Structure formats: structure tokens, C-alpha cells
file query_0.cif (mmCIF, C-alpha atoms)
data_protein
#
loop_
_atom_site.label_atom_id
_atom_site.label_comp_id
_atom_site.auth_asym_id
_atom_site.auth_seq_id
_atom_site.Cartn_x
_atom_site.Cartn_y
_atom_site.Cartn_z
CA MET A 23 129.95 69.18 128.21
CA SER A 24 127.69 66.14 128.36
CA PRO A 25 125.77 65.03 125.22
CA GLN A 26 122.51 66.11 126.87
CA ASN A 27 123.88 69.55 127.73
CA ALA A 28 125.27 69.91 124.21
CA LEU A 29 121.86 69.03 122.79
CA ASP A 30 120.13 71.57 125.04
CA THR A 31 122.62 74.21 123.95
CA MET A 32 121.98 73.46 120.29
CA ARG A 33 118.22 73.64 120.79
CA ARG A 34 118.38 77.01 122.51
CA LEU A 35 120.82 78.39 119.98
CA SER A 36 118.57 77.12 117.19
CA ALA A 37 115.58 78.89 118.78
CA ALA A 38 117.48 82.16 118.80
CA VAL A 39 118.54 81.73 115.16
CA LEU A 40 115.01 80.83 114.05
CA ALA A 41 113.64 83.88 115.85
CA VAL A 42 115.73 86.05 113.55
CA SER A 43 114.39 84.36 110.40
CA ARG A 44 110.70 84.49 111.42
CA HIS A 45 108.55 87.55 110.86
CA LEU A 46 108.77 88.63 114.50
CA ALA A 47 109.11 92.16 115.80
CA THR A 48 112.74 93.20 116.23
CA ASP A 49 112.25 93.72 119.97
CA GLU A 50 111.02 90.12 120.31
CA VAL A 51 114.00 88.75 118.40
CA LEU A 52 116.50 90.75 120.43
CA GLN A 53 114.80 89.77 123.70
CA THR A 54 115.03 86.10 122.65
CA ILE A 55 118.74 86.53 121.98
CA VAL A 56 119.32 88.24 125.34
CA ALA A 57 117.45 85.50 127.24
CA THR A 58 119.22 82.76 125.28
CA ALA A 59 122.64 84.27 125.98
CA ARG A 60 121.95 84.43 129.72
CA GLU A 61 120.63 80.85 129.88
CA LEU A 62 123.25 79.22 127.66
CA ILE A 63 126.22 80.88 129.29
CA GLY A 64 124.87 80.66 132.81
CA ALA A 65 124.94 84.36 133.69
CA GLU A 66 122.72 85.97 136.28
CA TYR A 67 122.09 89.06 134.17
CA ALA A 68 122.09 89.89 130.46
CA ALA A 69 121.46 93.04 128.46
CA LEU A 70 121.56 94.35 124.91
CA GLY A 71 121.96 98.03 124.07
CA VAL A 72 121.38 99.80 120.76
CA PRO A 73 122.86 103.34 120.70
CA ASP A 74 120.75 106.29 119.58
CA GLY A 75 123.62 108.34 118.18
CA ALA A 76 123.17 111.02 120.84
CA GLY A 77 125.04 109.55 123.79
CA SER A 78 122.26 107.33 125.09
CA PHE A 79 120.40 104.19 123.93
CA ALA A 80 117.45 103.82 121.58
CA GLN A 81 116.86 100.33 123.01
CA PHE A 82 118.15 98.62 126.13
CA LEU A 83 116.77 95.12 126.71
CA VAL A 84 117.48 93.15 129.88
CA ASP A 85 116.99 89.63 131.22
CA GLY A 86 117.32 88.45 134.83
CA ILE A 87 116.00 91.72 136.28
CA SER A 88 112.37 91.99 137.37
CA ASP A 89 110.08 94.71 136.09
CA GLU A 90 110.07 96.24 139.56
CA GLN A 91 113.87 96.30 139.69
CA TRP A 92 114.08 97.77 136.20
CA ALA A 93 111.60 100.51 137.09
CA ALA A 94 113.55 101.34 140.25
CA ILE A 95 116.82 101.68 138.32
CA GLY A 96 115.37 104.64 136.43
CA PRO A 97 115.93 106.04 132.92
CA LEU A 98 117.87 104.18 130.23
CA PRO A 99 121.63 104.39 130.84
CA ARG A 100 123.82 106.81 128.97
CA GLN A 101 127.07 105.79 127.34
CA HIS A 102 129.58 106.01 130.16
CA GLY A 103 132.10 103.69 131.81
CA MET A 104 132.13 100.15 130.45
CA LEU A 105 129.08 100.82 128.25
CA ALA A 106 131.06 103.48 126.42
CA VAL A 107 134.06 101.15 126.13
CA MET A 108 131.87 98.48 124.55
CA LEU A 109 130.71 100.91 121.86
CA GLN A 110 134.23 102.12 121.08
CA ASP A 111 136.58 99.14 121.45
CA PRO A 112 135.89 96.24 119.05
CA ALA A 113 137.63 93.72 121.32
CA PRO A 114 135.41 91.56 123.58
CA GLN A 115 135.58 92.56 127.23
CA ARG A 116 135.96 89.64 129.66
CA LEU A 117 136.59 90.76 133.23
CA PRO A 118 136.75 88.80 136.51
CA ASP A 119 135.24 91.79 138.36
CA ILE A 120 133.96 94.85 136.53
CA ARG A 121 134.16 96.93 139.70
CA GLN A 122 137.96 96.56 139.79
CA ASP A 123 138.45 97.80 136.22
CA PRO A 124 139.72 101.43 136.09
CA ARG A 125 137.25 102.17 133.27
CA PHE A 126 134.26 101.34 135.50
CA ARG A 127 132.35 104.41 136.68
CA TRP A 128 129.20 103.80 138.75
CA TRP A 129 125.72 102.30 138.91
CA PRO A 130 122.40 103.81 139.95
CA LYS A 131 121.43 103.11 143.56
CA ALA A 132 118.87 100.42 142.67
CA HIS A 133 121.21 98.65 140.20
CA PRO A 134 122.09 95.06 141.24
CA GLU A 135 125.68 94.35 142.27
CA MET A 136 127.74 92.76 139.50
CA ASP A 137 131.19 91.24 139.39
CA ALA A 138 132.20 88.96 136.47
CA PHE A 139 131.50 90.70 133.16
CA LEU A 140 131.46 89.69 129.48
CA GLY A 141 130.67 92.10 126.66
CA GLN A 142 130.62 91.77 122.88
CA GLN A 143 129.96 94.34 120.17
CA ILE A 144 127.16 93.85 117.65
CA ARG A 145 128.56 94.87 114.28
CA ASP A 146 127.51 95.14 110.66
CA GLY A 147 130.84 95.33 108.86
CA ASP A 148 132.60 98.36 110.30
CA GLU A 149 129.41 99.80 111.77
CA ILE A 150 128.67 99.28 115.46
CA LEU A 151 124.97 98.50 115.90
CA GLY A 152 125.05 97.81 119.64
CA ALA A 153 126.50 95.52 122.28
CA LEU A 154 125.60 92.40 124.28
CA PHE A 155 126.47 92.27 127.99
CA LEU A 156 126.52 89.44 130.53
CA ALA A 157 127.25 89.69 134.25
CA ASN A 158 127.70 87.43 137.29
CA LYS A 159 128.72 83.85 136.65
CA ALA A 160 130.13 81.56 139.29
CA GLY A 161 133.80 81.00 138.49
CA GLY A 162 133.81 83.78 135.88
CA PHE A 163 133.34 83.71 132.11
CA THR A 164 135.46 81.49 129.85
CA LYS A 165 136.85 81.73 126.35
CA ASP A 166 134.06 79.37 125.19
CA ASP A 167 131.51 81.75 126.69
CA GLU A 168 133.10 84.57 124.74
CA GLU A 169 132.85 82.65 121.46
CA LEU A 170 129.21 81.69 122.07
CA LEU A 171 128.31 85.30 122.88
CA GLY A 172 130.03 86.33 119.63
CA ILE A 173 127.74 83.97 117.69
CA LEU A 174 124.65 85.42 119.34
CA ALA A 175 125.92 88.96 118.69
CA GLY A 176 126.15 88.02 115.02
CA HIS A 177 122.50 86.97 114.98
CA ALA A 178 121.53 90.17 116.79
CA ALA A 179 123.29 92.07 113.99
CA ILE A 180 121.16 90.24 111.42
CA ALA A 181 117.98 91.17 113.30
CA LEU A 182 118.98 94.83 113.53
CA ARG A 183 120.00 94.88 109.87
CA HIS A 184 116.61 93.42 108.93
CA ALA A 185 114.89 96.09 111.01
CA ARG A 186 116.76 98.85 109.19
CA LEU A 187 116.01 97.36 105.78
CA TYR A 188 112.35 97.01 106.70
CA GLU A 189 112.14 100.65 107.78
CA ARG A 190 113.78 101.78 104.53
CA GLU A 191 111.35 99.64 102.53
CA ARG A 192 108.46 101.09 104.49
CA GLU A 193 109.62 104.64 103.72
CA LEU A 194 109.96 103.76 100.04
CA ALA A 195 106.47 102.21 100.06
CA ILE A 196 105.01 105.36 101.61
CA THR A 197 106.78 107.49 98.99
CA ARG A 198 105.45 105.30 96.16
CA GLU A 199 101.96 105.46 97.67
CA ARG A 200 102.14 109.26 97.88
CA ASN A 201 103.28 109.53 94.27
CA ARG A 202 100.52 107.22 93.08
CA LEU A 203 97.99 109.10 95.16
CA ALA A 204 99.11 112.39 93.63
CA ARG A 205 98.50 111.00 90.14
CA GLU A 206 95.12 109.55 91.15
CA LEU A 207 94.02 112.78 92.78
CA HIS A 208 95.11 114.84 89.80
CA ASP A 209 92.99 112.77 87.43
CA ALA A 210 90.02 112.49 89.78
CA VAL A 211 89.57 116.07 90.94
CA ALA A 212 91.39 118.28 88.44
CA GLN A 213 88.17 119.06 86.55
CA LYS A 214 86.27 119.74 89.77
CA LEU A 215 88.94 122.16 90.99
CA PHE A 216 89.03 123.91 87.62
CA ALA A 217 85.24 124.31 87.74
CA LEU A 218 85.50 125.65 91.28
CA ARG A 219 87.92 128.34 90.18
CA LEU A 220 85.76 129.42 87.21
CA THR A 221 82.56 129.46 89.27
CA SER A 222 84.07 131.44 92.13
CA GLN A 223 85.49 133.94 89.62
CA ALA A 224 82.06 134.28 87.98
CA ALA A 225 80.53 134.99 91.40
CA ALA A 226 83.09 137.70 92.07
CA ASP A 227 82.49 139.31 88.66
CA VAL A 228 78.73 139.77 89.21
CA LEU A 229 78.70 140.34 92.96
CA ASP A 230 77.89 144.06 92.73
CA ALA A 231 75.80 144.09 89.55
CA ASP A 232 73.69 140.97 90.16
CA PRO A 233 73.74 139.75 93.79
CA ALA A 234 71.12 137.05 93.11
CA ARG A 235 73.24 135.51 90.37
CA ALA A 236 76.34 135.78 92.57
CA ARG A 237 74.47 133.90 95.31
CA ALA A 238 73.55 131.16 92.84
CA GLU A 239 77.16 130.88 91.68
CA LEU A 240 78.36 130.58 95.30
CA GLU A 241 75.83 127.82 95.93
CA GLN A 242 77.33 126.02 92.94
CA VAL A 243 80.79 126.53 94.47
CA ALA A 244 79.59 124.79 97.65
CA THR A 245 78.19 121.90 95.61
CA LEU A 246 81.39 121.51 93.60
CA ALA A 247 83.49 121.63 96.78
CA LYS A 248 81.41 118.85 98.33
CA GLU A 249 81.74 116.74 95.18
CA ALA A 250 85.51 117.32 95.11
CA ALA A 251 85.76 116.16 98.74
CA GLU A 252 83.79 113.03 97.86
CA GLU A 253 86.14 112.36 94.96
CA LEU A 254 89.15 112.72 97.23
CA ARG A 255 87.73 110.30 99.77
CA SER A 256 86.65 107.77 97.17
CA VAL A 257 90.11 107.70 95.62
CA VAL A 258 91.77 106.95 98.95
CA VAL A 259 89.20 104.36 100.04
CA GLU A 260 89.65 102.51 96.76
CA LEU A 261 93.46 102.60 96.84
CA ARG A 262 94.90 99.09 96.70
CA PRO A 263 96.52 98.46 100.11
CA ALA A 264 100.12 97.42 100.59
CA GLU A 265 100.61 93.67 100.63
CA LEU A 266 99.55 92.27 103.97
CA GLU A 267 102.08 89.47 103.68
CA GLU A 268 104.94 91.96 103.45
CA ASP A 269 103.83 94.78 105.75
CA GLY A 270 101.51 93.07 108.20
CA LEU A 271 98.01 94.18 109.14
CA ALA A 272 98.92 97.01 111.52
CA VAL A 273 101.36 98.69 109.11
CA THR A 274 98.90 98.35 106.22
CA LEU A 275 96.08 99.86 108.27
CA ARG A 276 98.32 102.63 109.59
CA LYS A 277 99.43 103.59 106.05
CA HIS A 278 95.84 103.62 104.84
CA VAL A 279 94.68 105.77 107.75
CA GLU A 280 97.60 108.21 107.39
CA VAL A 281 96.89 108.79 103.71
CA LEU A 282 93.15 109.07 104.36
CA ASP A 283 93.75 111.59 107.14
CA ARG A 284 95.92 113.78 104.93
CA VAL A 285 93.27 113.82 102.23
CA ASN A 286 90.51 114.60 104.72
CA GLN A 287 92.47 117.49 106.22
CA THR A 288 92.91 118.90 102.72
CA ALA A 289 89.15 118.59 102.12
CA GLY A 290 88.20 119.97 105.55
CA GLY A 291 86.97 116.60 106.82
CA PRO A 292 87.38 114.79 110.16
CA ARG A 293 90.67 113.68 111.67
CA VAL A 294 91.36 109.97 111.12
CA THR A 295 93.81 108.28 113.50
CA PHE A 296 95.16 104.78 114.10
CA GLU A 297 96.03 103.13 117.42
CA GLY A 298 97.49 99.66 117.89
CA ALA A 299 100.15 97.16 116.93
CA ASP A 300 100.38 93.98 114.90
CA VAL A 301 98.46 90.90 116.02
CA LYS A 302 100.45 87.77 115.21
CA ALA A 303 99.51 84.28 114.05
CA LEU A 304 96.26 85.26 112.31
CA SER A 305 95.42 83.53 109.05
CA PRO A 306 95.79 85.53 105.80
CA ALA A 307 92.01 85.33 105.35
CA ALA A 308 91.38 86.82 108.79
CA GLU A 309 93.85 89.66 108.17
CA GLU A 310 92.19 90.52 104.87
CA VAL A 311 88.73 90.51 106.48
CA LEU A 312 89.94 92.82 109.27
CA LEU A 313 91.40 95.19 106.69
CA ARG A 314 88.31 95.20 104.45
CA VAL A 315 85.92 95.72 107.38
CA ALA A 316 88.06 98.64 108.56
CA GLN A 317 87.92 100.17 105.07
CA GLU A 318 84.15 99.69 104.81
CA ALA A 319 83.56 101.17 108.26
CA LEU A 320 85.80 104.15 107.43
CA HIS A 321 83.95 104.69 104.17
CA ASN A 322 80.60 104.71 106.01
CA ALA A 323 81.85 107.09 108.69
CA LEU A 324 83.25 109.54 106.15
CA ARG A 325 80.10 109.56 104.02
CA HIS A 326 77.38 109.50 106.66
CA ALA A 327 78.62 110.27 110.19
CA ASP A 328 79.39 114.01 109.94
CA ALA A 329 82.09 113.31 112.54
CA THR A 330 84.99 115.44 113.75
CA LYS A 331 87.16 112.43 114.63
CA ILE A 332 87.36 108.81 113.51
CA THR A 333 89.65 106.36 115.30
CA VAL A 334 90.75 102.92 114.10
CA ARG A 335 92.04 100.58 116.81
CA LEU A 336 93.67 97.15 116.46
CA HIS A 337 94.80 95.05 119.41
CA GLU A 338 95.10 91.55 120.83
CA HIS A 339 91.88 89.92 121.95
CA CYS A 340 91.26 86.98 124.29
CA PRO A 341 87.82 85.31 124.24
CA THR A 342 85.75 85.97 127.37
CA GLY A 343 85.73 82.99 129.72
CA ALA A 344 88.49 81.10 127.91
CA LYS A 345 90.45 78.74 130.18
CA SER A 346 93.54 79.25 128.06
CA CYS A 347 94.18 81.92 125.48
CA ASP A 348 96.57 82.14 122.58
CA GLY A 349 95.07 85.48 121.59
CA GLY A 350 93.09 86.85 118.71
CA ALA A 351 92.35 90.24 117.20
CA ALA A 352 89.89 93.01 117.91
CA LEU A 353 89.28 95.84 115.45
CA GLU A 354 87.30 98.97 116.30
CA VAL A 355 86.32 101.90 114.10
CA VAL A 356 84.87 104.63 116.32
CA ASP A 357 83.43 108.01 115.27
CA ASP A 358 81.90 110.89 117.22
CA GLY A 359 79.34 111.63 114.55
CA VAL A 360 75.56 111.84 114.37
CA GLY A 361 75.01 108.12 114.93
CA PHE A 362 71.93 106.16 113.83
CA ASP A 363 69.39 103.59 114.99
CA PRO A 364 70.66 100.17 113.71
CA ALA A 365 67.19 98.61 114.08
CA ALA A 366 65.54 101.40 112.09
CA VAL A 367 68.16 101.04 109.37
CA ARG A 368 67.43 97.32 109.09
CA ARG A 369 63.66 97.92 108.97
CA ALA A 370 64.11 100.50 106.22
CA GLY A 371 66.13 98.03 104.17
CA ARG A 372 69.23 100.23 104.23
CA SER A 373 72.43 98.46 105.25
CA LEU A 374 75.13 101.18 105.23
CA GLY A 375 77.49 98.35 104.30
CA LEU A 376 76.61 96.41 107.47
CA VAL A 377 75.48 93.31 105.57
CA SER A 378 78.77 93.18 103.69
CA MET A 379 80.75 93.57 106.90
CA ARG A 380 78.74 90.87 108.67
CA ASP A 381 79.24 88.49 105.75
CA ARG A 382 82.99 89.12 105.82
CA ALA A 383 83.10 88.52 109.58
CA LYS A 384 81.11 85.31 109.22
CA SER A 385 83.57 84.01 106.61
CA VAL A 386 86.30 83.80 109.30
CA ARG A 387 83.91 82.93 112.14
CA GLY A 388 84.30 86.39 113.62
CA ARG A 389 81.83 88.51 115.59
CA LEU A 390 80.74 91.92 114.35
CA ASP A 391 78.98 94.31 116.74
CA VAL A 392 77.53 97.69 115.80
CA THR A 393 76.90 100.16 118.62
CA SER A 394 75.19 103.41 117.70
CA ALA A 395 72.35 105.76 118.57
CA PRO A 396 71.21 109.10 117.18
CA GLY A 397 73.59 111.79 118.43
CA ALA A 398 75.92 109.27 120.11
CA GLY A 399 78.39 108.32 117.37
CA THR A 400 79.06 104.82 116.10
CA THR A 401 81.42 101.97 117.02
CA ILE A 402 82.03 99.04 114.68
CA ARG A 403 83.83 96.19 116.48
CA LEU A 404 85.07 92.98 114.90
CA GLU A 405 86.54 90.18 117.03
CA VAL A 406 88.40 87.24 115.53
CA ASP A 407 89.72 84.42 117.70
CA ARG A 408 93.11 83.18 116.59
CA GLY A 409 92.15 79.54 116.93
CA ARG A 410 88.90 80.03 114.97
CA ALA A 411 90.25 82.19 112.14
CA ALA A 412 92.37 79.71 110.21
#
call {"tool": "encode", "arguments": {"input": "query_0.cif", "output": "C-alpha cells"}}
result
Amino acid sequence: MSPQNALDTMRRLSAAVLAVSRHLATDEVLQTIVATARELIGAEYAALGVPDGAGSFAQFLVDGISDEQWAAIGPLPRQHGMLAVMLQDPAPQRLPDIRQDPRFRWWPKAHPEMDAFLGQQIRDGDEILGALFLANKAGGFTKDDEELLGILAGHAAIALRHARLYERERELAITRERNRLARELHDAVAQKLFALRLTSQAAADVLDADPARARAELEQVATLAKEAAEELRSVVVELRPAELEEDGLAVTLRKHVEVLDRVNQTAGGPRVTFEGADVKALSPAAEEVLLRVAQEALHNALRHADATKITVRLHEHCPTGAKSCDGGAALEVVDDGVGFDPAAVRRAGRSLGLVSMRDRAKSVRGRLDVTSAPGAGTTIRLEVDRGRAA
């Protein structure tokens, strides 16, 4: 190998290793490893499979196959033939022609023809996490190729291990949040619920003898129920969110929405749902503003909108008319409630939290738009350009 080729190999291998250590999504890390393996070793095709424990694959990432080809191949493969061998036999599989091996079974009709094959298990100790596959190399795969693929399989194992640890931490965080919420709710609404029980019992006791008094007691029950619902909502809105640095914006928002939705269902309120995925490379300040604006908008919708559904959306955003785009973030909080006239609200000197949200948006050079009309619901949209949010 020439010095230049060796340097290129080191650079690409370094990129794959660094991808594991960065806070990237597991799919992105694994895709980087698959692409790096194919390029470094000079294969035409590469793939990485993670078993689902039920005879198929939870993930199957490929490189060297177009989206059209992949769609034509059909559903994810099941564990048969050489794929099954790779998940059972710890030894690397290096074959001059996979089609001549007695363990080979078949391919779907649209599957590309393959000959030379190299496969390596991805392991965490004695546990098999998946396998890396390469196919089609002029002259076949070498022992050096096998060793290099083993190194990349080791880094894939680290990425998968990190993903599992992250999911366990997330589950623990949700459990801790639920426990804390239970304590908060107990303190905040216990007295209200106790009063509800006494008042409803009093209404039942005098229902026949004094209907007017029973009616008054039931009106008090309705008032107490409304106050209890407000207490429930206030507790959740004020809950301190999980650390953005650890969980990321999307996970933090999703947790907040899930807890808020559970509380609202208990109190007979609207459904609250979250749609979206993490938006990368935003500054910490921009992430905090997006979170706080979402919380403020949710608080407004729950208190004033009389909605049946509230949806929080987070997604990538590219500025209109940009010649090049490295992305940004767009947040939307949409309700199907009674709506309002934004101009009339401003004239009346009532802000509904809009001034606070606009100030937060301005602090990261974002754009906040409020779309609403009586009877037409409300949409709060905040856009933050990645390049402008640092």
C-alpha cells in the first residue's frame, strides 16, 4: 500500500471511529461504518444486519445499492442461508463465490448478483449484536480485508452498545419522572380531590330532601373538578425538563408531551401528541428557546383553546430561497380549539404569552409566527436557522 493510500485509509477509518464517539443517531453511525467498510476494502456492496430476536432483522443497512434497487428487493431479509450462518458461527466467512457454498440458499429476484463474500460478526462479549457483510471485489477478499472488517465490526459493536445503554437510561429517566410526578400530583391535588369527595357525598345526602342545596353542591363539584384539572396541568407544565445536553431536544419534548398527555387524559382534557425527530447542530441556546416556546404554547393552548387535540411538531428547516442549506429547526404547536384574533389581543393589551415567546425567539434570531382566527384553532410556529442560532 502506498503512503498516500495508507493515509486515506487512516482518514476514513478515523471518520468511522469518530462517528461512534459523537452524539449521532445510531443509524447514522452504523451507516457510516457500512459505507467506510465498502470504500476501504473496495467491495461493490456492503450491509449490516441487527437481528430482532424473532428470525428477522430489526435493522438492515446497505451501501452500494440504490434506493430503487432496495425497494425492488422487497421486505427485510429473514435469517436464512449465509445470513443465518453469520449469526450462529463466530468465525469470519471469506468465500471466493458465495453461490458455490452449500450453505447458500437464494436471493430475491431483484437482488444483485454477488460472488466474492466477506462476513464478520458484531459481538459484545459472548452476545451477537449483528453482522457486517461485504460482496463483490475483483480478485476476492484478502486476510487484510478480513482484519480491517473485524476492526469496523468492533466499532459497530460500540455504537450498538451505546444505543442500548441510552435506551435503558431513557427508560430509567421516564420512570424517575413518573415517580416525581406522582409525588408532585399527590401534594398539589390531594386536597382538591378530598374536597370533591366530601362535596359529592353532601350532594347525594340531600338530593331528595333539598334539591336546591344538592344542585348548589354539584355546582361546587364542577368548580373543584376544574380547579383540580388546572392544578394537574400546572404541575406538568412547570416540571423541570430532562437535560437537553443528555437527551436532545426531540427526546426532551417527547417526554414532556407524553407526561402532559397522560395528565390531560386523567383530567378529561385534550389529547397532546408529538411528531418529529432530533435536529442536529443547533446551539444550546436555540434548543432551550425551542423547548421553552413549546412549553409556553402548550400552556396557552391548555388554558385557553378549549381544544380536543394539540400537536407539537419538530423537524428540519431550510430557509426559503437559500442557495445552500445546512438546515435549521422548525417547531409548531397546533390546536383545533376556539382560536382568537391576534390583532384584537394586541389592541386589548393581552399577550397570552406571545410577547414572551417573541422575545425568546428574538434572542436566537428566530422567527415566530402566530396563525389564528376565531373558530379556526391556533398554530404557533418558530423557525431557527442553524447558521443564525449560535
call {"tool": "resolve_selection", "arguments": {"input": "query_0.cif", "expression": "the PyMOL selection byres ((chain A and resi 131) around 12)", "output": "list of chain:residue names"}}
result
A:Gln91, A:Trp92, A:Ala94, A:Ile95, A:Gly96, A:Trp128, A:Trp129, A:Pro130, A:Ala132, A:His133, A:Pro134, A:Glu135
call {"tool": "residues_around", "arguments": {"input": "query_0.cif", "residues": "Ala178 in chain A", "least_positions_apart": "6", "cutoff": "8 Å", "atoms": "all atoms listed in the file", "output": "list in words"}}
result
Val42, Val51, Leu52, Ile55 and Ile144 of chain A
call {"tool": "resolve_selection", "arguments": {"input": "query_0.cif", "expression": "the PyMOL selection byres ((chain A and resi 330) around 6)", "output": "MDAnalysis selection string"}}
result
chainID A and resid 292 329 331
call {"tool": "residues_around", "arguments": {"input": "query_0.cif", "residues": "range 101-111 of chain A", "least_positions_apart": "2", "cutoff": "6 Å", "atoms": "only C-alpha atoms", "output": "number ranges by chain"}}
result
A: 77-78, 113, 125-127
call {"tool": "resolve_selection", "arguments": {"input": "query_0.cif", "expression": "the PyMOL selection byres ((chain A and resi 337) around 12)", "output": "PyMOL selection string"}}
result
chain A and resi 271-272+296-302+312+334-336+338-340+349-354+403-407
